[in-house]
Amino acid sequence: DTAVSQTPKYLVTQMGNDKSIKCEQNLGHDTMYWYKQDSKKFLKIMFSYNNKELIINETVPNRFSPKSPDKAHLNLHINSLELGDSAVYFCAAGTGSGYTFGSGTRLTVV
Amino acid sequence: QKEVEQNSGPLSVPEGAIASLNCTYSDRGSQSFFWYRQYSGKSPELIMSIYSNGDKEDGRFTAQLNKASQYVSLLIRDSQPSDSATYLCAVNKNAGNMLTFGGGTRLMVKP
């Protein structure tokens, strides 16, 4: 069983489209996160959800909206995709003692 | 000043040598410190955590923390080609358990 699973692994789409990335964890953690990793490998926090409540919302465009139907799932919906959104998006679950990351979703906007 | 800073490298060491990776952080109130390893095209994997000043050893890995100097390091003894990866330093400022990552140091271990 994969501890943190993301789908899809690859996503190629045109500018202006709307897309979603799904994430599920079976570790029982209360907190889940979305990180964006750019081409220079810099991992930047986007959102954090603690037991279905948003507790951190870093400065990201409001085209990005996290949705958490329950504490095991945290999905990321992106509206009106732009070229600059191309990156690898990682979901993670964990606490202040460390995270477990999903395998990542490589998003390419053309 | 970035919150967590690392030299991007690449750091090249011969097989069997000690690799030394360094990280500095800006928030003096930071509580927890982590090292993640990320192979190309893969997700970050937690390899070490350290919470108090001093050294913490786990196999070939030793994490060192100096809170007064706001400095964290990772030593890899007897480096192997399979250790070639990007090493990410992460710091927990206790802001909702959020981890802030450095930009990573790329390590290359040459046979």
# chains A, B, ... in the order shown; residues from 1 in each chain; ligands from 1

call {"tool": "interface_residues", "arguments": {"of": "chain B", "to": "chain A", "cutoff": "7 Å", "atoms": "only C-alpha atoms", "output": "list in words"}}
result
Lys42, Ser43, Pro44, Asn92, Gly96, Asn97, Phe101, Gly102 and Gly103 of chain B

call {"tool": "select_by_dssp", "arguments": {"residues": "chain A", "states": "strand (DSSP E or B)", "output": "number ranges by chain"}}
result
A: 4-7, 10-13, 19-25, 31-37, 43-50, 53-57, 64-70, 73-78, 87-95, 98-101, 105-109

call {"tool": "closest_residue", "arguments": {"among": "A:Met46, A:Ala72, A:Cys23, A:Met15", "to": "Gly84 in chain A", "atoms": "only C-alpha atoms"}}
result
A:Met15

call {"tool": "residues_around", "arguments": {"residues": "range 77-90 of chain B", "least_positions_apart": "6", "cutoff": "6 Å", "atoms": "only C-alpha atoms", "output": "number ranges by chain"}}
result
B: 15-18, 33-39, 60, 99-102, 104-109

call {"tool": "residues_around", "arguments": {"residues": "Lys52 in chain A", "least_positions_apart": "5", "cutoff": "6 Å", "atoms": "only C-alpha atoms", "output": "JSON, numbers by chain"}}
result
{"A": [68, 70, 71]}

call {"tool": "write_last_selection", "arguments": {"atoms": "N, CA, C and O atoms", "output": "tab-separated table (two decimals), in the first residue's frame"}}
result
chain	number	residue	atom	x	y	z
A	68	SER	N	-10.61	19.38	0.54
A	68	SER	CA	-10.38	18.22	1.39
A	68	SER	C	-11.70	17.66	1.86
A	68	SER	O	-12.28	18.14	2.83
A	70	ASP	N	-12.20	14.81	3.32
A	70	ASP	CA	-11.96	14.18	4.63
A	70	ASP	C	-10.47	14.21	4.89
A	70	ASP	O	-9.70	14.60	4.02
A	71	LYS	N	-10.05	13.80	6.09
A	71	LYS	CA	-8.64	14.02	6.43
A	71	LYS	C	-7.68	13.12	5.67
A	71	LYS	O	-6.49	13.31	5.74
